[in-house]
Amino acid sequence: MTGRLRIAVIGLGARSRTWLKVLSAHPGVIVTGLADPSAEARHAAGVLFPDAATAPDAAALARTAQADAAILVTPPGGRAAQIDACLAAGWDILAEKPLADSVAEAARFVARAEAAGRQLLVGLNFRYLPVTRAYRAALDEGRVGAPEFGRFLYERWRDGRLPHLNRYPLQMDHPMLWEQSVHHFDLMRHVYRREPLRIDARTWNPSWSMYRGHANVSALIEFEGGMHVTYQGTWAGGVDRLDFDWRTDCTNGVLIQREMMGGLVAATRQGEFAPVETAAHEPWITDAAALLDMAVRAFTGTGPAECTGRDHLSSLLMLEACIRSSDRGGPVELAELHDETTSEEHA
Ligand SMILES: NC(=O)c1ccc[n+]([C@@H]2O[C@H](COP(=O)([O-])OP(=O)(O)OC[C@H]3O[C@@H](n4cnc5c(N)ncnc54)[C@H](O)[C@@H]3O)[C@@H](O)[C@H]2O)c1
């Protein structure tokens, strides 16, 4: 391919505001299509990209827009027709997380993309934060030894009625898991470079939660090599703030990420905590821009594909394992779910 990668953006809601900003700043891409059922959303995005074709949905856009790839920024439920339309048009896809609202559906999307010979990547922007890169590098170089256990806390009062936020999580069965914990579980797999074996979890909803489904997740996750991580996540914390704390205990010391996008410190067993250097970043922009860079390289055959849909299935399996474990009241082996998903993949 020569020239700029032509991109169609499907879904023009809250998250797309970041995407449109990042796309407009990238010299290697041109936005040629915009789809959303809302005329108002199409108009607002069309002001930024006046030459782009517009349509109410992916199938209609595929008939009019010339594109090489699509960025899918729609709610995770009900994406089958959008994925099919993109693949039929010969477009590669970068889909926002979670790829679908069930592992079985996501596995079908992955299988369809592979059968069509197209790339399907997932928008795991947190992997591209400088603090994530620094955390992973610190473990890789054994800065405080080898990791053996960890604790991941994300405690937030998320007012899902705020006008700048999406509304659909208010009605989801498991909004915390599918919208937020998916990032955390993916980060654990990415940073620890280990796959989970077993999860013992409980999900529930505090009495004051504004979410219909469960806003709380508590889990003990056992990874390969005997590594254990205790996880607590909530969107219905008792105070209006976000507390983030991800600690990993290693053979010679401890690493702690004290903020969602920064604040990495390290200490050896008898030492003081000292900051771990991380590159400068603009929240939500640096990470999305780096993710876009990766996708552009992958789609143009000039770099490796990261955050593939197939890899993402392993993070989605963790979500379903939490739900099953909570229903069962006991631990769930990931292998159990993995075997079921493999048989459903081509259904
Ligand atoms: N990676 C991140 O940090 C991050 C942050 C926020 C949201 N997200 C993800 O982005 C996705 C979208 O979330 P959002 O906050 O933008 O939701 P949103 O509800 O604000 O926006 C979704 C948009 O999709 C449109 N839409 C619905 N069906 C469509 C269809 N068939 N064709 C075209 N457009 C359609 C809606 O009209 C709406 O404008 C979700 O998967 C969410 O999890 C990711």
# chains A, B, ... in the order shown; residues from 1 in each chain; ligands from 1
call {"tool": "residues_near_ligand", "arguments": {"ligand": "ligand 1", "cutoff": "9 Å", "atoms": "only C-alpha atoms and all ligand atoms", "output": "PyMOL selection string"}}
result
chain A and resi 9-18+34-38+41-42+55-59+72-79+81-82+95-100+123-126+164-169+178-180+183+284+288
call {"tool": "residues_around", "arguments": {"residues": "segment 261-271 of chain A", "least_positions_apart": "4", "cutoff": "10 Å", "atoms": "only C-alpha atoms", "output": "number ranges by chain"}}
result
A: 126, 129-132, 134-135, 138, 143-145, 244-257, 275-284, 287
call {"tool": "write_last_selection", "arguments": {"atoms": "N, CA and C atoms", "output": "compact mmCIF listing (two decimals), in the first residue's frame"}}
result
# COMPACT_ATOMS: atom_id res chain seq x y z
N PHE A 126 -4.12 0.73 27.49
CA PHE A 126 -3.34 0.81 28.73
C PHE A 126 -1.99 0.11 28.61
N LEU A 129 0.71 2.79 27.87
CA LEU A 129 1.07 3.86 28.79
C LEU A 129 2.55 3.72 29.15
N PRO A 130 3.27 4.84 29.26
CA PRO A 130 4.67 4.74 29.69
C PRO A 130 4.84 3.99 31.00
N VAL A 131 3.88 4.15 31.92
CA VAL A 131 4.03 3.46 33.21
C VAL A 131 3.92 1.94 33.03
N THR A 132 3.10 1.49 32.09
CA THR A 132 2.99 0.05 31.84
C THR A 132 4.28 -0.47 31.24
N ALA A 134 7.20 0.79 31.67
CA ALA A 134 8.24 0.82 32.72
C ALA A 134 8.05 -0.34 33.71
N TYR A 135 6.81 -0.63 34.04
CA TYR A 135 6.51 -1.73 34.98
C TYR A 135 7.00 -3.05 34.37
N ALA A 138 10.80 -3.20 34.22
CA ALA A 138 11.40 -3.41 35.55
C ALA A 138 11.34 -4.89 35.93
N ARG A 143 14.66 -5.98 38.26
CA ARG A 143 15.09 -4.86 39.10
C ARG A 143 14.97 -5.16 40.60
N VAL A 144 13.88 -5.81 40.99
CA VAL A 144 13.73 -6.21 42.40
C VAL A 144 13.49 -7.72 42.49
N GLY A 145 14.03 -8.42 41.53
CA GLY A 145 13.93 -9.88 41.54
C GLY A 145 12.73 -10.39 40.74
N PHE A 244 -6.07 3.90 42.96
CA PHE A 244 -5.44 2.85 42.16
C PHE A 244 -4.16 2.43 42.86
N ASP A 245 -3.92 1.15 42.96
CA ASP A 245 -2.69 0.68 43.61
C ASP A 245 -2.39 -0.74 43.14
N TRP A 246 -1.31 -0.89 42.41
CA TRP A 246 -0.95 -2.21 41.87
C TRP A 246 0.45 -2.56 42.36
N ARG A 247 0.49 -3.49 43.30
CA ARG A 247 1.74 -3.84 43.95
C ARG A 247 2.16 -5.26 43.56
N THR A 248 3.44 -5.43 43.29
CA THR A 248 3.96 -6.76 42.97
C THR A 248 5.14 -7.06 43.89
N ASP A 249 5.01 -8.13 44.64
CA ASP A 249 6.08 -8.53 45.57
C ASP A 249 6.99 -9.53 44.87
N CYS A 250 8.28 -9.22 44.90
CA CYS A 250 9.28 -9.99 44.16
C CYS A 250 10.32 -10.55 45.13
N THR A 251 11.19 -11.41 44.61
CA THR A 251 12.16 -12.08 45.48
C THR A 251 13.06 -11.10 46.24
N ASN A 252 13.35 -9.92 45.66
CA ASN A 252 14.26 -8.98 46.33
C ASN A 252 13.61 -7.65 46.69
N GLY A 253 12.31 -7.49 46.47
CA GLY A 253 11.70 -6.20 46.76
C GLY A 253 10.30 -6.09 46.19
N VAL A 254 9.88 -4.83 46.02
CA VAL A 254 8.48 -4.58 45.66
C VAL A 254 8.41 -3.47 44.61
N LEU A 255 7.46 -3.64 43.67
CA LEU A 255 7.12 -2.57 42.72
C LEU A 255 5.69 -2.14 43.03
N ILE A 256 5.44 -0.83 43.03
CA ILE A 256 4.06 -0.37 43.24
C ILE A 256 3.74 0.72 42.23
N GLN A 257 2.62 0.55 41.53
CA GLN A 257 2.09 1.62 40.68
C GLN A 257 0.96 2.28 41.47
N PRO A 275 11.23 6.51 42.96
CA PRO A 275 10.46 6.52 41.70
C PRO A 275 11.19 5.75 40.60
N VAL A 276 10.41 5.06 39.78
CA VAL A 276 10.96 4.43 38.57
C VAL A 276 10.65 5.40 37.43
N GLU A 277 11.68 5.72 36.67
CA GLU A 277 11.52 6.73 35.62
C GLU A 277 10.56 6.23 34.53
N THR A 278 9.63 7.10 34.14
CA THR A 278 8.73 6.77 33.03
C THR A 278 8.71 7.95 32.07
N ALA A 279 8.47 7.67 30.79
CA ALA A 279 8.44 8.74 29.78
C ALA A 279 7.25 9.66 30.04
N ALA A 280 7.35 10.89 29.54
CA ALA A 280 6.26 11.86 29.68
C ALA A 280 5.05 11.36 28.88
N HIS A 281 3.86 11.72 29.33
CA HIS A 281 2.68 11.32 28.57
C HIS A 281 1.52 12.30 28.78
N GLU A 282 0.65 12.34 27.78
CA GLU A 282 -0.59 13.11 27.90
C GLU A 282 -1.70 12.08 28.11
N PRO A 283 -2.40 12.13 29.26
CA PRO A 283 -3.39 11.09 29.54
C PRO A 283 -4.38 10.89 28.39
N TRP A 284 -4.63 9.65 28.08
CA TRP A 284 -5.56 9.17 27.05
C TRP A 284 -5.06 9.39 25.63
N ASP A 287 -1.24 7.13 24.91
CA ASP A 287 -1.50 5.69 24.84
C ASP A 287 -2.29 5.33 23.58
call {"tool": "closest_residue", "arguments": {"among": "A:Ala335, A:Ile93, A:Leu139, A:Ala39", "to": "Val191 of chain A", "atoms": "only C-alpha atoms"}}
result
A:Leu139
call {"tool": "closest_residue", "arguments": {"among": "A:His228, A:His214, A:Arg63, A:Arg112", "to": "Arg310 of chain A", "atoms": "only C-alpha atoms"}}
result
A:Arg112
call {"tool": "closest_residue", "arguments": {"among": "A:Leu170, A:Ala115, A:Leu23, A:Ala89", "to": "Ala289 of chain A", "atoms": "only C-alpha atoms"}}
result
A:Leu23
call {"tool": "residues_around", "arguments": {"residues": "Gly90 of chain A", "least_positions_apart": "5", "cutoff": "9 Å", "atoms": "only C-alpha atoms", "output": "PDB file with C-alpha atoms, in the first residue's frame"}}
result
ATOM      1  CA  ALA A  67     -11.129   2.460   3.279  1.00  0.00           C
ATOM      2  CA  ASP A  68      -8.397   0.018   4.228  1.00  0.00           C
ATOM      3  CA  ALA A  69      -9.318  -0.434   7.885  1.00  0.00           C
ATOM      4  CA  ALA A  85     -19.669  -5.533   7.069  1.00  0.00           C
ATOM      5  CA  ALA A 116     -11.353 -13.672   5.698  1.00  0.00           C
ATOM      6  CA  GLY A 117      -7.580 -13.122   5.878  1.00  0.00           C
ATOM      7  CA  ARG A 118      -8.020  -9.788   7.694  1.00  0.00           C
TER       8      ARG A 118
END
call {"tool": "residues_around", "arguments": {"residues": "Met188 of chain A", "least_positions_apart": "2", "cutoff": "12 Å", "atoms": "only C-alpha atoms", "output": "PyMOL selection string"}}
result
chain A and resi 126-127+132+135-136+139+147+149-152+181-186+190-196+221-224+227-231+246-248+314-315+318
call {"tool": "write_last_selection", "arguments": {"atoms": "N, CA and C atoms", "output": "short mmCIF file (atom, residue, chain, number, x, y, z; two decimals), in the first residue's frame"}}
result
data_model
loop_
_atom_site.label_atom_id
_atom_site.label_comp_id
_atom_site.auth_asym_id
_atom_site.auth_seq_id
_atom_site.Cartn_x
_atom_site.Cartn_y
_atom_site.Cartn_z
N PHE A 126 -4.12 0.73 27.49
CA PHE A 126 -3.34 0.81 28.73
C PHE A 126 -1.99 0.11 28.61
N ARG A 127 -1.89 -0.84 27.66
CA ARG A 127 -0.58 -1.47 27.43
C ARG A 127 0.47 -0.46 26.97
N THR A 132 3.10 1.49 32.09
CA THR A 132 2.99 0.05 31.84
C THR A 132 4.28 -0.47 31.24
N TYR A 135 6.81 -0.63 34.04
CA TYR A 135 6.51 -1.73 34.98
C TYR A 135 7.00 -3.05 34.37
N ARG A 136 6.66 -3.25 33.09
CA ARG A 136 7.04 -4.50 32.42
C ARG A 136 8.56 -4.61 32.30
N LEU A 139 10.24 -5.54 35.60
CA LEU A 139 10.14 -6.98 35.89
C LEU A 139 11.06 -7.77 34.97
N PRO A 147 8.86 -11.85 40.29
CA PRO A 147 7.57 -11.67 40.96
C PRO A 147 6.98 -12.99 41.46
N PHE A 149 3.95 -12.65 44.01
CA PHE A 149 2.54 -12.37 44.27
C PHE A 149 2.26 -10.88 44.11
N GLY A 150 0.97 -10.56 43.98
CA GLY A 150 0.63 -9.16 43.74
C GLY A 150 -0.74 -8.82 44.29
N ARG A 151 -1.04 -7.51 44.23
CA ARG A 151 -2.34 -7.02 44.71
C ARG A 151 -2.72 -5.85 43.80
N PHE A 152 -3.92 -5.93 43.23
CA PHE A 152 -4.36 -4.93 42.26
C PHE A 152 -5.66 -4.32 42.77
N SER A 181 -12.52 -4.11 34.38
CA SER A 181 -11.57 -5.16 34.80
C SER A 181 -10.88 -5.76 33.58
N VAL A 182 -11.52 -5.71 32.44
CA VAL A 182 -10.89 -6.25 31.22
C VAL A 182 -9.53 -5.60 30.98
N HIS A 183 -9.42 -4.30 31.24
CA HIS A 183 -8.12 -3.62 31.12
C HIS A 183 -7.14 -4.19 32.15
N HIS A 184 -7.62 -4.35 33.39
CA HIS A 184 -6.73 -4.76 34.47
C HIS A 184 -6.21 -6.18 34.24
N PHE A 185 -7.12 -7.06 33.84
CA PHE A 185 -6.70 -8.45 33.61
C PHE A 185 -5.73 -8.51 32.43
N ASP A 186 -6.01 -7.71 31.42
CA ASP A 186 -5.08 -7.69 30.28
C ASP A 186 -3.71 -7.17 30.71
N HIS A 190 -0.15 -9.04 30.41
CA HIS A 190 0.87 -8.37 29.60
C HIS A 190 2.14 -8.11 30.41
N VAL A 191 1.98 -7.57 31.60
CA VAL A 191 3.14 -7.15 32.39
C VAL A 191 3.84 -8.36 33.02
N TYR A 192 3.06 -9.32 33.50
CA TYR A 192 3.68 -10.50 34.12
C TYR A 192 4.13 -11.53 33.10
N ARG A 193 3.66 -11.39 31.85
CA ARG A 193 3.97 -12.36 30.79
C ARG A 193 3.61 -13.78 31.25
N ARG A 194 2.48 -13.90 31.89
CA ARG A 194 2.00 -15.21 32.36
C ARG A 194 0.52 -15.32 32.08
N GLU A 195 0.07 -16.54 31.90
CA GLU A 195 -1.35 -16.79 31.68
C GLU A 195 -1.99 -17.29 32.99
N PRO A 196 -3.26 -16.93 33.20
CA PRO A 196 -3.94 -17.38 34.42
C PRO A 196 -4.34 -18.85 34.32
N ILE A 221 -6.46 -14.62 41.79
CA ILE A 221 -6.10 -15.15 40.48
C ILE A 221 -4.76 -15.86 40.58
N GLU A 222 -4.74 -17.11 40.16
CA GLU A 222 -3.47 -17.85 40.17
C GLU A 222 -2.94 -17.93 38.75
N PHE A 223 -1.74 -17.42 38.55
CA PHE A 223 -1.09 -17.44 37.24
C PHE A 223 -0.09 -18.60 37.17
N GLU A 224 0.40 -18.83 35.97
CA GLU A 224 1.45 -19.83 35.77
C GLU A 224 2.61 -19.56 36.74
N MET A 227 2.28 -17.84 40.69
CA MET A 227 2.08 -16.42 41.02
C MET A 227 0.61 -16.17 41.35
N HIS A 228 0.36 -15.51 42.47
CA HIS A 228 -1.02 -15.20 42.89
C HIS A 228 -1.23 -13.69 42.92
N VAL A 229 -2.39 -13.25 42.44
CA VAL A 229 -2.74 -11.83 42.49
C VAL A 229 -4.12 -11.68 43.13
N THR A 230 -4.19 -10.80 44.12
CA THR A 230 -5.47 -10.48 44.74
C THR A 230 -6.01 -9.23 44.05
N TYR A 231 -7.25 -9.30 43.58
CA TYR A 231 -7.81 -8.20 42.79
C TYR A 231 -9.07 -7.67 43.46
N TRP A 246 -1.31 -0.89 42.41
CA TRP A 246 -0.95 -2.21 41.87
C TRP A 246 0.45 -2.56 42.36
N ARG A 247 0.49 -3.49 43.30
CA ARG A 247 1.74 -3.84 43.95
C ARG A 247 2.16 -5.26 43.56
N THR A 248 3.44 -5.43 43.29
CA THR A 248 3.96 -6.76 42.97
C THR A 248 5.14 -7.06 43.89
N SER A 314 -8.00 -14.56 25.77
CA SER A 314 -7.52 -15.04 27.08
C SER A 314 -7.89 -14.07 28.20
N SER A 315 -7.96 -12.77 27.91
CA SER A 315 -8.40 -11.81 28.93
C SER A 315 -9.91 -11.92 29.13
N MET A 318 -10.94 -14.64 31.41
CA MET A 318 -10.81 -14.31 32.83
C MET A 318 -12.10 -13.68 33.36
#
call {"tool": "atom_distance", "arguments": {"atom1": "atom CA of Leu313 of chain A", "atom2": "atom CA of Ser326 of chain A"}}
result
19.9 Å
call {"tool": "select_by_dssp", "arguments": {"residues": "segment 232-325 of chain A", "states": "strand (DSSP E or B)", "output": "MDAnalysis selection string"}}
result
chainID A and resid 232:234 236 242:250 253:259 262:268 274:275 308
call {"tool": "write_last_selection", "arguments": {"atoms": "C-alpha atoms", "output": "PDB file, in the first residue's frame"}}
result
ATOM      1  CA  GLN A 232     -10.453  -5.750  43.928  1.00  0.00           C
ATOM      2  CA  GLY A 233     -12.323  -3.499  41.547  1.00  0.00           C
ATOM      3  CA  THR A 234     -15.359  -1.312  42.033  1.00  0.00           C
ATOM      4  CA  ALA A 236     -19.382   2.012  43.259  1.00  0.00           C
ATOM      5  CA  LEU A 242     -10.374   6.968  42.078  1.00  0.00           C
ATOM      6  CA  ASP A 243      -7.843   5.008  44.128  1.00  0.00           C
ATOM      7  CA  PHE A 244      -5.439   2.848  42.163  1.00  0.00           C
ATOM      8  CA  ASP A 245      -2.695   0.682  43.614  1.00  0.00           C
ATOM      9  CA  TRP A 246      -0.949  -2.215  41.866  1.00  0.00           C
ATOM     10  CA  ARG A 247       1.743  -3.845  43.954  1.00  0.00           C
ATOM     11  CA  THR A 248       3.961  -6.762  42.973  1.00  0.00           C
ATOM     12  CA  ASP A 249       6.077  -8.533  45.567  1.00  0.00           C
ATOM     13  CA  CYS A 250       9.277  -9.994  44.157  1.00  0.00           C
ATOM     14  CA  GLY A 253      11.705  -6.197  46.761  1.00  0.00           C
ATOM     15  CA  VAL A 254       8.484  -4.578  45.660  1.00  0.00           C
ATOM     16  CA  LEU A 255       7.119  -2.567  42.724  1.00  0.00           C
ATOM     17  CA  ILE A 256       4.060  -0.371  43.236  1.00  0.00           C
ATOM     18  CA  GLN A 257       2.085   1.621  40.676  1.00  0.00           C
ATOM     19  CA  ARG A 258       0.246   4.191  42.778  1.00  0.00           C
ATOM     20  CA  GLU A 259      -1.786   5.930  40.073  1.00  0.00           C
ATOM     21  CA  GLY A 262       1.826   6.766  36.636  1.00  0.00           C
ATOM     22  CA  GLY A 263       3.425   6.810  40.063  1.00  0.00           C
ATOM     23  CA  LEU A 264       5.630   3.728  39.710  1.00  0.00           C
ATOM     24  CA  VAL A 265       8.013   3.177  42.634  1.00  0.00           C
ATOM     25  CA  ALA A 266      10.361   0.378  43.626  1.00  0.00           C
ATOM     26  CA  ALA A 267      12.054  -0.674  46.840  1.00  0.00           C
ATOM     27  CA  THR A 268      14.433  -3.471  47.708  1.00  0.00           C
ATOM     28  CA  ALA A 274      12.251   5.390  44.886  1.00  0.00           C
ATOM     29  CA  PRO A 275      10.465   6.518  41.705  1.00  0.00           C
ATOM     30  CA  THR A 308      -4.670  -9.409  18.508  1.00  0.00           C
TER      31      THR A 308
END
call {"tool": "residues_around", "arguments": {"residues": "Glu105 of chain A", "least_positions_apart": "2", "cutoff": "10 Å", "atoms": "only C-alpha atoms", "output": "PyMOL selection string"}}
result
chain A and resi 77-80+99-103+107-111+341+344-345+347
call {"tool": "write_last_selection", "arguments": {"atoms": "all heavy atoms", "output": "compact mmCIF listing (two decimals), in the first residue's frame"}}
result
# COMPACT_ATOMS: atom_id res chain seq x y z
N GLY A 77 -21.81 -4.98 22.81
CA GLY A 77 -22.90 -5.90 22.48
C GLY A 77 -23.43 -5.63 21.08
O GLY A 77 -23.54 -4.46 20.67
N GLY A 78 -23.73 -6.67 20.31
CA GLY A 78 -24.35 -6.48 18.99
C GLY A 78 -23.42 -6.02 17.90
O GLY A 78 -23.83 -5.27 17.00
N ARG A 79 -22.16 -6.46 17.93
CA ARG A 79 -21.21 -6.01 16.90
C ARG A 79 -21.13 -6.94 15.68
O ARG A 79 -20.36 -6.67 14.76
CB ARG A 79 -19.79 -5.91 17.50
CG ARG A 79 -19.58 -4.67 18.34
CD ARG A 79 -18.14 -4.66 18.86
NE ARG A 79 -17.83 -3.43 19.56
CZ ARG A 79 -16.72 -3.22 20.25
NH1 ARG A 79 -15.83 -4.19 20.35
NH2 ARG A 79 -16.50 -2.07 20.86
N ALA A 80 -21.88 -8.05 15.68
CA ALA A 80 -21.70 -9.05 14.62
C ALA A 80 -21.89 -8.44 13.23
O ALA A 80 -21.06 -8.66 12.33
CB ALA A 80 -22.66 -10.21 14.83
N LEU A 99 -13.88 -6.97 22.95
CA LEU A 99 -14.21 -7.25 21.56
C LEU A 99 -15.70 -7.59 21.39
O LEU A 99 -16.31 -7.25 20.38
CB LEU A 99 -13.34 -8.40 21.06
CG LEU A 99 -13.56 -8.91 19.65
CD1 LEU A 99 -13.52 -7.78 18.63
CD2 LEU A 99 -12.54 -9.99 19.30
N ALA A 100 -16.27 -8.26 22.37
CA ALA A 100 -17.70 -8.61 22.34
C ALA A 100 -18.19 -8.67 23.78
O ALA A 100 -17.42 -8.43 24.70
CB ALA A 100 -17.90 -9.95 21.63
N ASP A 101 -19.45 -8.99 23.97
CA ASP A 101 -19.95 -9.09 25.34
C ASP A 101 -20.05 -10.54 25.81
O ASP A 101 -20.67 -10.83 26.82
CB ASP A 101 -21.29 -8.36 25.51
CG ASP A 101 -22.36 -8.88 24.58
OD1 ASP A 101 -22.08 -9.82 23.80
OD2 ASP A 101 -23.50 -8.35 24.63
N SER A 102 -19.42 -11.46 25.05
CA SER A 102 -19.24 -12.84 25.54
C SER A 102 -18.00 -13.40 24.86
O SER A 102 -17.63 -12.95 23.77
CB SER A 102 -20.46 -13.71 25.23
OG SER A 102 -20.46 -14.07 23.87
N VAL A 103 -17.37 -14.38 25.50
CA VAL A 103 -16.18 -14.99 24.90
C VAL A 103 -16.57 -15.72 23.62
O VAL A 103 -15.84 -15.67 22.63
CB VAL A 103 -15.50 -15.97 25.87
CG1 VAL A 103 -14.22 -16.52 25.25
CG2 VAL A 103 -15.16 -15.30 27.17
N ALA A 107 -14.91 -15.06 20.08
CA ALA A 107 -14.18 -16.15 19.40
C ALA A 107 -14.69 -16.30 17.97
O ALA A 107 -13.91 -16.57 17.05
CB ALA A 107 -14.33 -17.44 20.18
N ARG A 108 -15.99 -16.11 17.78
CA ARG A 108 -16.53 -16.19 16.41
C ARG A 108 -15.97 -15.06 15.55
O ARG A 108 -15.63 -15.26 14.39
CB ARG A 108 -18.06 -16.15 16.43
CG ARG A 108 -18.70 -17.48 16.85
CD ARG A 108 -20.19 -17.50 16.57
NE ARG A 108 -20.95 -16.68 17.50
CZ ARG A 108 -21.36 -17.09 18.71
NH1 ARG A 108 -21.08 -18.33 19.12
NH2 ARG A 108 -22.04 -16.31 19.51
N PHE A 109 -15.86 -13.86 16.12
CA PHE A 109 -15.30 -12.73 15.35
C PHE A 109 -13.85 -13.02 14.94
O PHE A 109 -13.44 -12.74 13.81
CB PHE A 109 -15.33 -11.44 16.18
CG PHE A 109 -16.70 -10.93 16.52
CD1 PHE A 109 -16.86 -9.94 17.49
CD2 PHE A 109 -17.83 -11.41 15.88
CE1 PHE A 109 -18.12 -9.45 17.82
CE2 PHE A 109 -19.11 -10.94 16.21
CZ PHE A 109 -19.24 -9.96 17.18
N VAL A 110 -13.09 -13.58 15.88
CA VAL A 110 -11.69 -13.90 15.59
C VAL A 110 -11.61 -14.93 14.46
O VAL A 110 -10.82 -14.77 13.51
CB VAL A 110 -10.99 -14.42 16.87
CG1 VAL A 110 -9.63 -15.01 16.56
CG2 VAL A 110 -10.87 -13.30 17.90
N ALA A 111 -12.45 -15.94 14.54
CA ALA A 111 -12.44 -17.00 13.51
C ALA A 111 -12.84 -16.42 12.15
O ALA A 111 -12.24 -16.75 11.13
CB ALA A 111 -13.39 -18.13 13.92
N THR A 341 -14.80 -22.75 24.81
CA THR A 341 -14.72 -21.69 23.81
C THR A 341 -14.20 -22.21 22.49
O THR A 341 -14.69 -21.85 21.42
CB THR A 341 -13.80 -20.56 24.30
OG1 THR A 341 -14.23 -20.18 25.58
CG2 THR A 341 -13.84 -19.37 23.38
N GLU A 344 -16.90 -23.74 20.63
CA GLU A 344 -17.94 -22.81 20.16
C GLU A 344 -17.44 -21.89 19.05
O GLU A 344 -18.22 -21.24 18.37
CB GLU A 344 -18.40 -21.91 21.32
CG GLU A 344 -19.34 -22.60 22.28
CD GLU A 344 -19.70 -21.68 23.44
OE1 GLU A 344 -19.74 -20.46 23.23
OE2 GLU A 344 -19.93 -22.19 24.53
N GLU A 345 -16.10 -21.86 18.86
CA GLU A 345 -15.51 -20.85 17.98
C GLU A 345 -16.08 -20.87 16.57
O GLU A 345 -16.32 -19.84 15.96
CB GLU A 345 -14.00 -21.05 17.95
CG GLU A 345 -13.26 -19.97 17.21
CD GLU A 345 -11.76 -20.08 17.46
OE1 GLU A 345 -11.34 -20.23 18.61
OE2 GLU A 345 -11.01 -20.03 16.48
N ALA A 347 -18.97 -22.20 15.73
CA ALA A 347 -20.43 -22.41 15.74
C ALA A 347 -21.13 -21.31 14.94
O ALA A 347 -20.64 -20.20 14.85
CB ALA A 347 -20.93 -22.41 17.18
call {"tool": "residues_around", "arguments": {"residues": "segment 209-212 of chain A", "least_positions_apart": "4", "cutoff": "10 Å", "atoms": "only C-alpha atoms", "output": "PyMOL selection string"}}
result
chain A and resi 157-161+168-176+205+216+234-238
call {"tool": "write_last_selection", "arguments": {"atoms": "N, CA, C and O atoms", "output": "short mmCIF file (atom, residue, chain, number, x, y, z; two decimals), in the first residue's frame"}}
result
data_model
loop_
_atom_site.label_atom_id
_atom_site.label_comp_id
_atom_site.auth_asym_id
_atom_site.auth_seq_id
_atom_site.Cartn_x
_atom_site.Cartn_y
_atom_site.Cartn_z
N TRP A 157 -15.62 5.72 42.42
CA TRP A 157 -17.04 6.07 42.32
C TRP A 157 -17.21 6.61 40.90
O TRP A 157 -16.72 7.68 40.58
N ARG A 158 -17.84 5.80 40.04
CA ARG A 158 -18.01 6.22 38.64
C ARG A 158 -19.46 6.61 38.43
O ARG A 158 -20.34 5.75 38.46
N ASP A 159 -19.69 7.90 38.24
CA ASP A 159 -21.05 8.37 38.01
C ASP A 159 -21.40 8.14 36.54
O ASP A 159 -21.06 8.94 35.67
N GLY A 160 -22.06 7.01 36.30
CA GLY A 160 -22.38 6.61 34.93
C GLY A 160 -23.45 7.45 34.27
O GLY A 160 -23.80 7.20 33.12
N ARG A 161 -23.97 8.48 35.00
CA ARG A 161 -24.97 9.36 34.39
C ARG A 161 -24.36 10.66 33.87
O ARG A 161 -25.05 11.50 33.31
N TYR A 168 -24.61 2.86 28.26
CA TYR A 168 -25.00 1.45 28.23
C TYR A 168 -24.48 0.63 29.43
O TYR A 168 -25.15 -0.32 29.85
N PRO A 169 -23.32 0.97 30.06
CA PRO A 169 -22.88 0.16 31.20
C PRO A 169 -23.88 0.16 32.36
O PRO A 169 -23.91 -0.77 33.15
N LEU A 170 -24.72 1.20 32.45
CA LEU A 170 -25.71 1.25 33.53
C LEU A 170 -26.63 0.04 33.50
O LEU A 170 -27.18 -0.35 34.53
N GLN A 171 -26.81 -0.54 32.31
CA GLN A 171 -27.74 -1.67 32.15
C GLN A 171 -27.04 -3.01 31.99
O GLN A 171 -27.71 -4.04 31.83
N MET A 172 -25.72 -3.04 31.99
CA MET A 172 -25.02 -4.32 31.78
C MET A 172 -25.13 -5.23 33.01
O MET A 172 -25.27 -4.74 34.13
N ASP A 173 -25.02 -6.55 32.80
CA ASP A 173 -25.03 -7.49 33.93
C ASP A 173 -23.77 -7.33 34.79
O ASP A 173 -23.81 -7.45 36.00
N HIS A 174 -22.63 -7.10 34.09
CA HIS A 174 -21.35 -7.04 34.78
C HIS A 174 -20.54 -5.86 34.24
O HIS A 174 -19.53 -6.05 33.57
N PRO A 175 -20.98 -4.64 34.54
CA PRO A 175 -20.29 -3.47 33.97
C PRO A 175 -18.83 -3.36 34.40
O PRO A 175 -17.96 -3.05 33.60
N MET A 176 -18.55 -3.63 35.67
CA MET A 176 -17.17 -3.49 36.14
C MET A 176 -16.26 -4.47 35.41
O MET A 176 -15.20 -4.09 34.89
N ASN A 205 -23.19 -6.24 43.97
CA ASN A 205 -23.52 -4.83 43.79
C ASN A 205 -23.81 -4.19 45.14
O ASN A 205 -24.69 -4.66 45.86
N ASN A 216 -19.04 -4.53 41.63
CA ASN A 216 -17.89 -4.96 42.44
C ASN A 216 -17.36 -6.32 41.99
O ASN A 216 -18.15 -7.23 41.71
N THR A 234 -13.98 -1.79 41.85
CA THR A 234 -15.36 -1.31 42.03
C THR A 234 -15.59 -0.03 41.25
O THR A 234 -14.67 0.79 41.11
N TRP A 235 -16.80 0.11 40.75
CA TRP A 235 -17.26 1.38 40.18
C TRP A 235 -18.23 2.06 41.14
O TRP A 235 -18.81 3.08 40.81
N ALA A 236 -18.43 1.45 42.30
CA ALA A 236 -19.38 2.01 43.26
C ALA A 236 -18.71 2.15 44.61
O ALA A 236 -19.24 1.73 45.65
N GLY A 237 -17.52 2.74 44.61
CA GLY A 237 -16.80 2.96 45.87
C GLY A 237 -17.57 3.95 46.74
O GLY A 237 -18.44 4.69 46.27
N GLY A 238 -17.23 3.96 48.02
CA GLY A 238 -17.99 4.77 48.96
C GLY A 238 -17.64 6.25 48.95
O GLY A 238 -18.27 7.04 49.66
#
call {"tool": "select_by_dssp", "arguments": {"residues": "segment 164-327 of chain A", "states": "helix (DSSP H, G or I)", "output": "PyMOL selection string"}}
result
chain A and resi 168-171+175-192+224-226+285-299+309-327
